[in-house]
Amino acid sequence: MANDTRAADGARGRRRTTVLGTALGGCALVAAATVPAAAHPAGHGHELTYVSLGDSYTSGPLIPRQVNAECGRSDQNYPSLLASWRGVKSFRDVSCAGATTNEMWQAQGGNAAQLDALDRNTGLVTVQIGGNDVGFGSIISTCARLGAQEPAGNPCERSYKAGGYDQLALNVLRTAPKIDQVLRAVHRRAPHARVLLVGYPDLLPDDGLGCFPAVPFAAKDFPYLRDTEKRLNLMLRTVAAWNRVEYVDTYGPTVAHDMCKAPADRWIEPLRPAAPAAPAHPNARGEDAMARAVLDRLGHGRGRG
């Protein structure tokens, strides 16, 4: 029955893909993104049962203290900080490094299907997923390899557009119905929960300027990769609005703290981290910044107890 429901949701999500493609190209996106979140009855933080779903940007690999080595899960990641600050009565963090939308429904090693952590008593859910569906890891390795060969050009962009279309833009588009399916499943399993879809932080300079060789991407590929991440976040915002889920912008609050900045200023570590964190991932300060962005979003609405 669960697989049948997932298939039905997937079909509905795919029918929305054409709409999303139009929205990504014009002002319809702005209109979709401004759909208000559903109203929730008032609640108090200490009454919440909170569940965190997500990938490595949520779990915080290599950030001390690691409490689940298999999933690279830190007790200083943003869900753990948020749970502490909110004083929730029950907290489950099932985020796992390497997770895609598939791992919402299927086990990832010893980590059970993430959606299984939800039930009708869940009062708050944060979800941060989609980066691995788009291909974060392969994008980084491909662009670093090509950047070393042509540091002044845009070999990565040319590679992803070699087929006459932008493969990464297509990856984002294809991920949209998957996110839609996840959010629908969250609503079914936790029908009383306040649900927040968390975007991805600013990984590269927002002004598009590169920092080769500290971050070994070609100079003219930096704007392309920046725009690809913005396209992903814009898609997440739109799908959240369709599902009457609140979107949390973590990009804006982390601008000027990207992986090109000096160690004292950056919240995202480069491919050779100087602070305990996975390459191209938030360090402890980055997780703290995302926690504050989620907390700020919670403060602008009414949660469920």
# chains A, B, ... in the order shown; residues from 1 in each chain; ligands from 1
$ select_by_dssp --residues "segment 67-301 of chain A" --states "strand (DSSP E)" --output "list in words"
Val67, Asn68, Arg73, Ser74, Ser90, Phe91, Arg92, Asp93, Leu124, Val125, Thr126, Val127, Gln128, Arg194, Val195, Leu196, Leu197, Val198, Glu246, Tyr247 and Val248 of chain A
$ residues_around --residues "Ser95 of chain A" --least-positions-apart "3" --cutoff "7 Å" --atoms "only C-alpha atoms" --output "list in words"
Ser52, Leu53, Gly54, Asp55, Thr58 and Ser59 of chain A
$ closest_atom_pairs --of "segment 117-167 of chain A" --to "segment 232-242 of chain A" --cutoff "12 Å" --atoms "only C-alpha atoms" --output "CSV"
residue,atom,partner,partner_atom,distance
A:Thr126,CA,A:Ala240,CA,11.8
A:Val127,CA,A:Ala240,CA,10.5
A:Gln128,CA,A:Leu236,CA,9.4
A:Ile129,CA,A:Leu236,CA,9.1
A:Gly130,CA,A:Leu232,CA,8.1
A:Gly131,CA,A:Leu232,CA,7.9
A:Asn132,CA,A:Leu232,CA,11.2
A:Asp133,CA,A:Leu232,CA,10.5
A:Val134,CA,A:Leu232,CA,8.2
A:Gly135,CA,A:Leu232,CA,11.1
A:Phe136,CA,A:Leu232,CA,10.9
$ closest_residue --among "A:Arg285, A:Arg145, A:Arg92, A:His300" --to "Ser159 of chain A" --atoms "only C-alpha atoms"
A:Arg145
$ closest_residue --among "A:Ala113, A:Arg65, A:Val125, A:Leu82" --to "Ala99 of chain A" --atoms "only C-alpha atoms"
A:Ala113
$ select_by_dssp --residues "segment 55-197 of chain A" --states "alpha helix (DSSP H)" --output "NGL selection string"
:A and (56-59 or 78-86 or 131-134 or 136-149 or 155-160 or 167-189)
